[in-house]
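J.: My structure is in entry-v8.pdb, and what it holds is PDB, N, CA and C atoms:
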ATOM      1  N   MET A  27     -57.424 146.532  65.928
ATOM      2  CA  MET A  27     -56.719 145.327  66.289
ATOM      3  C   MET A  27     -55.635 145.054  65.256
ATOM      4  N   PRO A  28     -54.409 144.823  65.688
ATOM      5  CA  PRO A  28     -53.334 144.532  64.737
ATOM      6  C   PRO A  28     -53.553 143.183  64.073
ATOM      7  N   LYS A  29     -53.331 143.167  62.762
ATOM      8  CA  LYS A  29     -53.475 141.920  62.019
ATOM      9  C   LYS A  29     -52.104 141.440  61.577
ATOM     10  N   THR A  30     -51.926 140.129  61.531
ATOM     11  CA  THR A  30     -50.679 139.554  61.069
ATOM     12  C   THR A  30     -50.996 138.496  60.029
ATOM     13  N   ASN A  31     -49.990 138.080  59.292
ATOM     14  CA  ASN A  31     -50.178 137.027  58.311
ATOM     15  C   ASN A  31     -49.510 135.770  58.824
ATOM     16  N   MET A  32     -50.157 135.106  59.749
ATOM     17  CA  MET A  32     -49.605 133.926  60.403
ATOM     18  C   MET A  32     -49.461 132.762  59.430
ATOM     19  N   ALA A  33     -50.326 132.682  58.420
ATOM     20  CA  ALA A  33     -50.294 131.540  57.495
ATOM     21  C   ALA A  33     -48.962 131.462  56.774
ATOM     22  N   SER A  34     -48.442 132.593  56.355
ATOM     23  CA  SER A  34     -47.155 132.556  55.657
ATOM     24  C   SER A  34     -46.023 132.267  56.635
ATOM     25  N   ARG A  35     -46.212 132.610  57.884
ATOM     26  CA  ARG A  35     -45.169 132.416  58.892
ATOM     27  C   ARG A  35     -45.105 130.978  59.387
ATOM     28  N   ASP A  36     -46.244 130.345  59.554
ATOM     29  CA  ASP A  36     -46.241 128.999  60.119
ATOM     30  C   ASP A  36     -47.435 128.199  59.604
ATOM     31  N   HIS A  37     -47.272 127.599  58.445
ATOM     32  CA  HIS A  37     -48.342 126.815  57.837
ATOM     33  C   HIS A  37     -48.740 125.634  58.726
ATOM     34  N   ASN A  38     -47.780 125.003  59.391
ATOM     35  CA  ASN A  38     -48.081 123.858  60.265
ATOM     36  C   ASN A  38     -48.962 124.262  61.438
ATOM     37  N   TYR A  39     -48.738 125.453  61.981
ATOM     38  CA  TYR A  39     -49.555 125.945  63.094
ATOM     39  C   TYR A  39     -51.009 126.097  62.653
ATOM     40  N   ILE A  40     -51.223 126.700  61.498
ATOM     41  CA  ILE A  40     -52.581 126.860  60.971
ATOM     42  C   ILE A  40     -53.220 125.495  60.735
ATOM     43  N   ALA A  41     -52.450 124.560  60.204
ATOM     44  CA  ALA A  41     -52.964 123.201  59.966
ATOM     45  C   ALA A  41     -53.369 122.531  61.275
ATOM     46  N   ARG A  42     -52.601 122.750  62.347
ATOM     47  CA  ARG A  42     -52.967 122.177  63.651
ATOM     48  C   ARG A  42     -54.275 122.775  64.159
ATOM     49  N   LEU A  43     -54.451 124.088  63.984
ATOM     50  CA  LEU A  43     -55.701 124.723  64.405
ATOM     51  C   LEU A  43     -56.872 124.200  63.578
ATOM     52  N   GLN A  44     -56.664 124.030  62.273
ATOM     53  CA  GLN A  44     -57.724 123.490  61.419
ATOM     54  C   GLN A  44     -58.083 122.062  61.832
ATOM     55  N   ASN A  45     -57.096 121.291  62.214
ATOM     56  CA  ASN A  45     -57.356 119.937  62.688
ATOM     57  C   ASN A  45     -58.194 119.969  63.975
ATOM     58  N   ALA A  46     -57.895 120.906  64.864
ATOM     59  CA  ALA A  46     -58.678 121.046  66.100
ATOM     60  C   ALA A  46     -60.125 121.408  65.775
ATOM     61  N   ILE A  47     -60.328 122.311  64.821
ATOM     62  CA  ILE A  47     -61.692 122.683  64.409
ATOM     63  C   ILE A  47     -62.413 121.455  63.868
ATOM     64  N   ARG A  48     -61.728 120.687  63.043
ATOM     65  CA  ARG A  48     -62.310 119.476  62.450
ATOM     66  C   ARG A  48     -62.685 118.468  63.542
ATOM     67  N   GLN A  49     -61.787 118.248  64.492
ATOM     68  CA  GLN A  49     -62.046 117.266  65.548
ATOM     69  C   GLN A  49     -63.143 117.715  66.506
ATOM     70  N   LEU A  50     -63.140 118.992  66.872
ATOM     71  CA  LEU A  50     -64.108 119.477  67.860
ATOM     72  C   LEU A  50     -65.491 119.756  67.276
ATOM     73  N   HIS A  51     -65.532 120.235  66.023
ATOM     74  CA  HIS A  51     -66.809 120.699  65.471
ATOM     75  C   HIS A  51     -67.202 120.011  64.170
ATOM     76  N   HIS A  52     -66.388 119.055  63.707
ATOM     77  CA  HIS A  52     -66.717 118.235  62.538
ATOM     78  C   HIS A  52     -67.008 119.065  61.295
ATOM     79  N   CYS A  53     -66.186 120.094  61.064
ATOM     80  CA  CYS A  53     -66.363 120.899  59.867
ATOM     81  C   CYS A  53     -65.006 121.328  59.304
ATOM     82  N   GLU A  54     -65.005 121.642  58.025
ATOM     83  CA  GLU A  54     -63.794 122.101  57.359
ATOM     84  C   GLU A  54     -63.667 123.609  57.533
ATOM     85  N   SER A  55     -62.443 124.103  57.385
ATOM     86  CA  SER A  55     -62.208 125.527  57.604
ATOM     87  C   SER A  55     -61.216 126.086  56.598
ATOM     88  N   LYS A  56     -61.315 127.391  56.399
ATOM     89  CA  LYS A  56     -60.396 128.122  55.529
ATOM     90  C   LYS A  56     -59.844 129.296  56.325
ATOM     91  N   TYR A  57     -58.508 129.368  56.412
ATOM     92  CA  TYR A  57     -57.854 130.445  57.155
ATOM     93  C   TYR A  57     -58.104 131.787  56.468
ATOM     94  N   ILE A  58     -58.457 132.808  57.257
ATOM     95  CA  ILE A  58     -58.715 134.148  56.742
ATOM     96  C   ILE A  58     -57.600 135.117  57.148
ATOM     97  N   GLU A  59     -57.366 135.240  58.456
ATOM     98  CA  GLU A  59     -56.384 136.189  58.982
ATOM     99  C   GLU A  59     -56.112 135.878  60.443
ATOM    100  N   SER A  60     -55.125 136.559  60.994
ATOM    101  CA  SER A  60     -54.859 136.474  62.431
ATOM    102  C   SER A  60     -54.901 137.872  63.012
ATOM    103  N   VAL A  61     -55.423 137.955  64.214
ATOM    104  CA  VAL A  61     -55.604 139.233  64.891
ATOM    105  C   VAL A  61     -55.042 139.115  66.300
ATOM    106  N   THR A  62     -54.272 140.104  66.716
ATOM    107  CA  THR A  62     -53.756 140.131  68.084
ATOM    108  C   THR A  62     -54.815 140.730  68.996
ATOM    109  N   VAL A  63     -55.192 139.988  70.027
ATOM    110  CA  VAL A  63     -56.143 140.481  71.020
ATOM    111  C   VAL A  63     -55.478 140.443  72.389
ATOM    112  N   SER A  64     -56.024 141.209  73.303
ATOM    113  CA  SER A  64     -55.478 141.184  74.660
ATOM    114  C   SER A  64     -56.619 141.225  75.657
ATOM    115  N   GLY A  65     -56.321 140.715  76.833
ATOM    116  CA  GLY A  65     -57.306 140.714  77.901
ATOM    117  C   GLY A  65     -56.621 140.686  79.237
ATOM    118  N   THR A  66     -57.300 141.169  80.226
ATOM    119  CA  THR A  66     -56.757 141.200  81.574
ATOM    120  C   THR A  66     -57.278 139.999  82.336
ATOM    121  N   LEU A  67     -56.348 139.243  82.900
ATOM    122  CA  LEU A  67     -56.703 138.095  83.722
ATOM    123  C   LEU A  67     -56.403 138.427  85.170
ATOM    124  N   LEU A  68     -57.254 137.990  86.065
ATOM    125  CA  LEU A  68     -57.091 138.281  87.483
ATOM    126  C   LEU A  68     -56.740 137.003  88.227
ATOM    127  N   PHE A  69     -55.582 136.994  88.866
ATOM    128  CA  PHE A  69     -55.140 135.845  89.659
ATOM    129  C   PHE A  69     -54.840 136.315  91.075
ATOM    130  N   PHE A  70     -55.614 135.843  92.033
ATOM    131  CA  PHE A  70     -55.362 136.168  93.444
ATOM    132  C   PHE A  70     -55.097 137.655  93.648
ATOM    133  N   GLN A  71     -56.007 138.482  93.190
ATOM    134  CA  GLN A  71     -55.949 139.937  93.318
ATOM    135  C   GLN A  71     -54.768 140.549  92.565
ATOM    136  N   LYS A  72     -54.215 139.849  91.638
ATOM    137  CA  LYS A  72     -53.126 140.340  90.813
ATOM    138  C   LYS A  72     -53.566 140.217  89.361
ATOM    139  N   SER A  73     -53.485 141.292  88.591
ATOM    140  CA  SER A  73     -53.934 141.193  87.212
ATOM    141  C   SER A  73     -52.748 141.130  86.260
ATOM    142  N   THR A  74     -52.919 140.360  85.199
ATOM    143  CA  THR A  74     -51.910 140.262  84.152
ATOM    144  C   THR A  74     -52.604 140.466  82.811
ATOM    145  N   VAL A  75     -51.896 141.050  81.869
ATOM    146  CA  VAL A  75     -52.436 141.254  80.533
ATOM    147  C   VAL A  75     -51.853 140.189  79.626
ATOM    148  N   GLU A  76     -52.722 139.467  78.969
ATOM    149  CA  GLU A  76     -52.323 138.420  78.033
ATOM    150  C   GLU A  76     -52.572 138.913  76.616
ATOM    151  N   GLU A  77     -51.613 138.679  75.716
ATOM    152  CA  GLU A  77     -51.822 138.937  74.295
ATOM    153  C   GLU A  77     -51.802 137.606  73.562
ATOM    154  N   VAL A  78     -52.771 137.420  72.668
ATOM    155  CA  VAL A  78     -52.913 136.169  71.953
ATOM    156  C   VAL A  78     -53.148 136.471  70.473
ATOM    157  N   GLU A  79     -52.535 135.674  69.606
ATOM    158  CA  GLU A  79     -52.799 135.740  68.166
ATOM    159  C   GLU A  79     -53.979 134.811  67.883
ATOM    160  N   VAL A  80     -55.108 135.384  67.550
ATOM    161  CA  VAL A  80     -56.306 134.600  67.259
ATOM    162  C   VAL A  80     -56.430 134.447  65.751
ATOM    163  N   ALA A  81     -56.469 133.207  65.286
ATOM    164  CA  ALA A  81     -56.651 132.928  63.867
ATOM    165  C   ALA A  81     -58.145 132.871  63.563
ATOM    166  N   VAL A  82     -58.538 133.530  62.484
ATOM    167  CA  VAL A  82     -59.936 133.581  62.064
ATOM    168  C   VAL A  82     -60.113 132.633  60.876
ATOM    169  N   PHE A  83     -61.138 131.790  60.953
ATOM    170  CA  PHE A  83     -61.408 130.811  59.907
ATOM    171  C   PHE A  83     -62.850 130.919  59.445
ATOM    172  N   GLU A  84     -63.091 130.764  58.140
ATOM    173  CA  GLU A  84     -64.434 130.512  57.629
ATOM    174  C   GLU A  84     -64.654 129.019  57.786
ATOM    175  N   ILE A  85     -65.843 128.635  58.235
ATOM    176  CA  ILE A  85     -66.113 127.199  58.385
ATOM    177  C   ILE A  85     -67.320 126.811  57.550
ATOM    178  N   SER A  86     -67.346 125.548  57.173
ATOM    179  CA  SER A  86     -68.483 125.026  56.404
ATOM    180  C   SER A  86     -69.059 123.826  57.146
ATOM    181  N   ASP A  87     -70.244 123.458  56.766
ATOM    182  CA  ASP A  87     -70.912 122.283  57.337
ATOM    183  C   ASP A  87     -71.268 122.435  58.812
ATOM    184  N   ASN A  88     -71.444 123.671  59.276
ATOM    185  CA  ASN A  88     -71.892 123.886  60.645
ATOM    186  C   ASN A  88     -73.160 124.725  60.586
ATOM    187  N   PRO A  89     -74.273 124.222  61.093
ATOM    188  CA  PRO A  89     -75.540 124.944  60.974
ATOM    189  C   PRO A  89     -75.623 126.199  61.840
ATOM    190  N   GLN A  90     -74.766 126.328  62.849
ATOM    191  CA  GLN A  90     -74.858 127.454  63.774
ATOM    192  C   GLN A  90     -73.902 128.594  63.477
ATOM    193  N   ALA A  91     -72.762 128.305  62.855
ATOM    194  CA  ALA A  91     -71.729 129.334  62.717
ATOM    195  C   ALA A  91     -71.096 129.304  61.336
ATOM    196  N   LYS A  92     -70.643 130.459  60.901
ATOM    197  CA  LYS A  92     -69.920 130.586  59.636
ATOM    198  C   LYS A  92     -68.436 130.849  59.859
ATOM    199  N   ARG A  93     -68.070 131.195  61.103
ATOM    200  CA  ARG A  93     -66.671 131.464  61.437
ATOM    201  C   ARG A  93     -66.283 130.765  62.730
ATOM    202  N   ALA A  94     -64.971 130.515  62.824
ATOM    203  CA  ALA A  94     -64.397 129.985  64.066
ATOM    204  C   ALA A  94     -63.145 130.791  64.365
ATOM    205  N   TYR A  95     -62.848 130.925  65.647
ATOM    206  CA  TYR A  95     -61.652 131.617  66.121
ATOM    207  C   TYR A  95     -60.830 130.594  66.883
ATOM    208  N   ALA A  96     -59.532 130.546  66.607
ATOM    209  CA  ALA A  96     -58.709 129.515  67.238
ATOM    210  C   ALA A  96     -57.324 130.050  67.564
ATOM    211  N   TRP A  97     -56.738 129.489  68.630
ATOM    212  CA  TRP A  97     -55.372 129.807  69.035
ATOM    213  C   TRP A  97     -54.881 128.670  69.911
ATOM    214  N   SER A  98     -53.609 128.697  70.214
ATOM    215  CA  SER A  98     -53.087 127.677  71.124
ATOM    216  C   SER A  98     -52.492 128.362  72.337
ATOM    217  N   CYS A  99     -52.461 127.627  73.440
ATOM    218  CA  CYS A  99     -51.874 128.154  74.674
ATOM    219  C   CYS A  99     -51.250 127.001  75.443
ATOM    220  N   ARG A 100     -50.297 127.326  76.254
ATOM    221  CA  ARG A 100     -49.616 126.314  77.055
ATOM    222  C   ARG A 100     -50.515 125.908  78.206
ATOM    223  N   ASP A 101     -50.631 124.600  78.393
ATOM    224  CA  ASP A 101     -51.410 124.039  79.488
ATOM    225  C   ASP A 101     -50.514 123.013  80.176
ATOM    226  N   GLY A 102     -49.797 123.462  81.177
ATOM    227  CA  GLY A 102     -48.820 122.587  81.824
ATOM    228  C   GLY A 102     -47.650 122.354  80.899
ATOM    229  N   ASN A 103     -47.413 121.088  80.550
ATOM    230  CA  ASN A 103     -46.277 120.743  79.695
ATOM    231  C   ASN A 103     -46.639 120.601  78.219
ATOM    232  N   TYR A 104     -47.872 120.860  77.839
ATOM    233  CA  TYR A 104     -48.232 120.701  76.435
ATOM    234  C   TYR A 104     -49.016 121.907  75.932
ATOM    235  N   MET A 105     -49.092 122.020  74.593
ATOM    236  CA  MET A 105     -49.848 123.096  73.974
ATOM    237  C   MET A 105     -51.269 122.613  73.719
ATOM    238  N   ARG A 106     -52.218 123.450  74.005
ATOM    239  CA  ARG A 106     -53.636 123.126  73.847
ATOM    240  C   ARG A 106     -54.255 124.105  72.853
ATOM    241  N   CYS A 107     -55.075 123.601  71.959
ATOM    242  CA  CYS A 107     -55.783 124.456  71.005
ATOM    243  C   CYS A 107     -57.123 124.874  71.599
ATOM    244  N   VAL A 108     -57.441 126.134  71.442
ATOM    245  CA  VAL A 108     -58.731 126.669  71.874
ATOM    246  C   VAL A 108     -59.484 127.055  70.603
ATOM    247  N   VAL A 109     -60.727 126.609  70.487
ATOM    248  CA  VAL A 109     -61.566 126.922  69.336
ATOM    249  C   VAL A 109     -62.890 127.460  69.849
ATOM    250  N   VAL A 110     -63.285 128.615  69.343
ATOM    251  CA  VAL A 110     -64.558 129.236  69.722
ATOM    252  C   VAL A 110     -65.312 129.551  68.441
ATOM    253  N   LEU A 111     -66.553 129.087  68.348
ATOM    254  CA  LEU A 111     -67.381 129.381  67.181
ATOM    255  C   LEU A 111     -68.002 130.765  67.299
ATOM    256  N   GLU A 112     -68.246 131.382  66.152
ATOM    257  CA  GLU A 112     -68.885 132.704  66.126
ATOM    258  C   GLU A 112     -70.398 132.530  66.251
ATOM    259  N   ILE A 113     -70.820 132.349  67.500
ATOM    260  CA  ILE A 113     -72.234 132.233  67.852
ATOM    261  C   ILE A 113     -72.483 133.305  68.909
ATOM    262  N   PRO A 114     -73.497 134.173  68.714
ATOM    263  CA  PRO A 114     -73.713 135.267  69.664
ATOM    264  C   PRO A 114     -73.700 134.772  71.111
ATOM    265  N   PRO A 115     -73.020 135.500  71.975
ATOM    266  CA  PRO A 115     -72.511 136.852  71.830
ATOM    267  C   PRO A 115     -71.115 136.950  71.201
ATOM    268  N   VAL A 116     -70.525 135.844  70.791
ATOM    269  CA  VAL A 116     -69.205 135.895  70.156
ATOM    270  C   VAL A 116     -69.371 136.426  68.736
ATOM    271  N   SER A 117     -68.669 137.537  68.448
ATOM    272  CA  SER A 117     -68.803 138.171  67.135
ATOM    273  C   SER A 117     -67.477 138.676  66.576
ATOM    274  N   SER A 118     -66.374 138.396  67.289
ATOM    275  CA  SER A 118     -65.067 138.897  66.859
ATOM    276  C   SER A 118     -63.976 138.086  67.552
ATOM    277  N   PRO A 119     -62.723 138.240  67.115
ATOM    278  CA  PRO A 119     -61.629 137.566  67.820
ATOM    279  C   PRO A 119     -61.563 137.959  69.303
ATOM    280  N   GLN A 120     -61.802 139.233  69.596
ATOM    281  CA  GLN A 120     -61.736 139.692  70.985
ATOM    282  C   GLN A 120     -62.819 139.052  71.839
ATOM    283  N   THR A 121     -64.054 139.000  71.334
ATOM    284  CA  THR A 121     -65.120 138.398  72.144
ATOM    285  C   THR A 121     -64.941 136.882  72.264
ATOM    286  N   ALA A 122     -64.301 136.265  71.261
ATOM    287  CA  ALA A 122     -63.987 134.827  71.362
ATOM    288  C   ALA A 122     -63.001 134.585  72.495
ATOM    289  N   PHE A 123     -61.963 135.407  72.561
ATOM    290  CA  PHE A 123     -60.963 135.287  73.633
ATOM    291  C   PHE A 123     -61.628 135.517  74.993
ATOM    292  N   ASP A 124     -62.432 136.571  75.090
ATOM    293  CA  ASP A 124     -63.106 136.885  76.356
ATOM    294  C   ASP A 124     -64.029 135.740  76.782
ATOM    295  N   ALA A 125     -64.746 135.146  75.826
ATOM    296  CA  ALA A 125     -65.655 134.036  76.144
ATOM    297  C   ALA A 125     -64.878 132.816  76.623
ATOM    298  N   ALA A 126     -63.728 132.550  76.005
ATOM    299  CA  ALA A 126     -62.913 131.401  76.424
ATOM    300  C   ALA A 126     -62.385 131.596  77.837
ATOM    301  N   VAL A 127     -61.942 132.806  78.155
ATOM    302  CA  VAL A 127     -61.456 133.091  79.512
ATOM    303  C   VAL A 127     -62.602 132.952  80.507
ATOM    304  N   ALA A 128     -63.774 133.485  80.161
ATOM    305  CA  ALA A 128     -64.930 133.378  81.059
ATOM    306  C   ALA A 128     -65.315 131.916  81.281
ATOM    307  N   ALA A 129     -65.277 131.103  80.230
ATOM    308  CA  ALA A 129     -65.606 129.688  80.371
ATOM    309  C   ALA A 129     -64.612 128.982  81.280
ATOM    310  N   GLN A 130     -63.337 129.348  81.177
ATOM    311  CA  GLN A 130     -62.339 128.737  82.049
ATOM    312  C   GLN A 130     -62.558 129.144  83.500
ATOM    313  N   ILE A 131     -62.983 130.363  83.723
ATOM    314  CA  ILE A 131     -63.253 130.814  85.093
ATOM    315  C   ILE A 131     -64.450 130.035  85.652
ATOM    316  N   VAL A 132     -65.521 129.944  84.863
ATOM    317  CA  VAL A 132     -66.719 129.225  85.310
ATOM    318  C   VAL A 132     -66.412 127.757  85.576
ATOM    319  N   ASN A 133     -65.616 127.146  84.703
ATOM    320  CA  ASN A 133     -65.272 125.720  84.849
ATOM    321  C   ASN A 133     -64.099 125.475  85.795
ATOM    322  N   ARG A 134     -63.547 126.553  86.327
ATOM    323  CA  ARG A 134     -62.414 126.505  87.242
ATOM    324  C   ARG A 134     -61.206 125.788  86.646
ATOM    325  N   THR A 135     -60.983 126.043  85.352
ATOM    326  CA  THR A 135     -59.836 125.452  84.677
ATOM    327  C   THR A 135     -58.813 126.510  84.271
ATOM    328  N   LEU A 136     -59.033 127.768  84.657
ATOM    329  CA  LEU A 136     -58.092 128.839  84.333
ATOM    330  C   LEU A 136     -56.830 128.638  85.137
ATOM    331  N   ARG A 137     -55.683 128.545  84.457
ATOM    332  CA  ARG A 137     -54.420 128.315  85.133
ATOM    333  C   ARG A 137     -53.549 129.531  85.045
TER     334      ARG A 137
END
Could you take the file, read its structure, and then write that structure out as structure tokens?
T.:
Amino acid sequence: MPKTNMASRDHNYIARLQNAIRQLHHCESKYIESVTVSGTLLFFQKSTVEEVEVAVFEISDNPQAKRAYAWSCRDGNYMRCVVVLEIPPVSSPQTAFDAAVAAQIVNRTLR
């Protein structure tokens, strides 16, 4: 998986993701790295490949997880932060992305 140094590129973006982690899971985080992941999405028998930069964070004060994976995506007219904790079966940026897509399919919120 290709890694990038997103923190040096956009400190405000990382801060927004950390704020989302704090609001959603009530814990502090430390940025580790960013990893490009991809997945195939199926829309009306048409598949598209999405690439996402997933930021990896160490988290504290959470009894279930030591890491969180976060990224943002466009949802209509605004940007939405997605945060997935590293709780099995989630064990990597790729499985975090896959789990988020699966949750959107189950909840019928995939756009």
J.: As an exercise, work out the distance from atom C of Val61 of chain A to atom N of Val109 of chain A in Å and give it to one decimal place.
T.: 14.4 Å
J.: Would you mind listing what lies within 5 Å of Glu84 of chain A as a ChimeraX atom specification, with only N, CA and C atoms counted and same-chain residues fewer than 2 positions away left out?
T.: /A:55-56,82,86,92-93
J.: Go through A:Val63, A:Leu111, A:Val132, A:Ala91 and flag the residue nearest Val78 of chain A, using only N, CA and C atoms for the distances.
T.: A:Val63
J.: Exactly which residues make up the result of the PyMOL selection byres (((chain A and resi 114-125 and name CA) around 9) and name CA) on this file, given as a ChimeraX atom specification?
T.: /A:27,60-65,78,80-82,94-96,109-113,126-130
J.: In segment 29-136 of chain A, what's alpha helix (DSSP H) per DSSP? Answer as a count of residues only?
T.: 33
J.: Assuming the chain letters and numbering stay as they are in my file, what does the PyMOL selection byres (((chain A and resi 40 and name CA) around 12) and name CA) actually select? List them as a ChimeraX atom specification.
T.: /A:31-39,41-47,55-60,79-83,95-98,107
J.: Edge lengths and centre in Å to one decimal, as AutoDock Vina command-line options, is what I'm after for the box along x, y and z that holds all listed atoms of segment 45-61 of chain A once 8 Å is added on each side.
T.:
--center_x -61.0 --center_y 128.2 --center_z 61.7 --size_x 28.3 --size_y 38.0 --size_z 28.3
J.: Write down as an MDAnalysis selection string the residues of segment 68-125 of chain A whose backbone DSSP state falls under strand (DSSP E or B).
T.: chainID A and resid 68:69 72:85 93:101 104:111
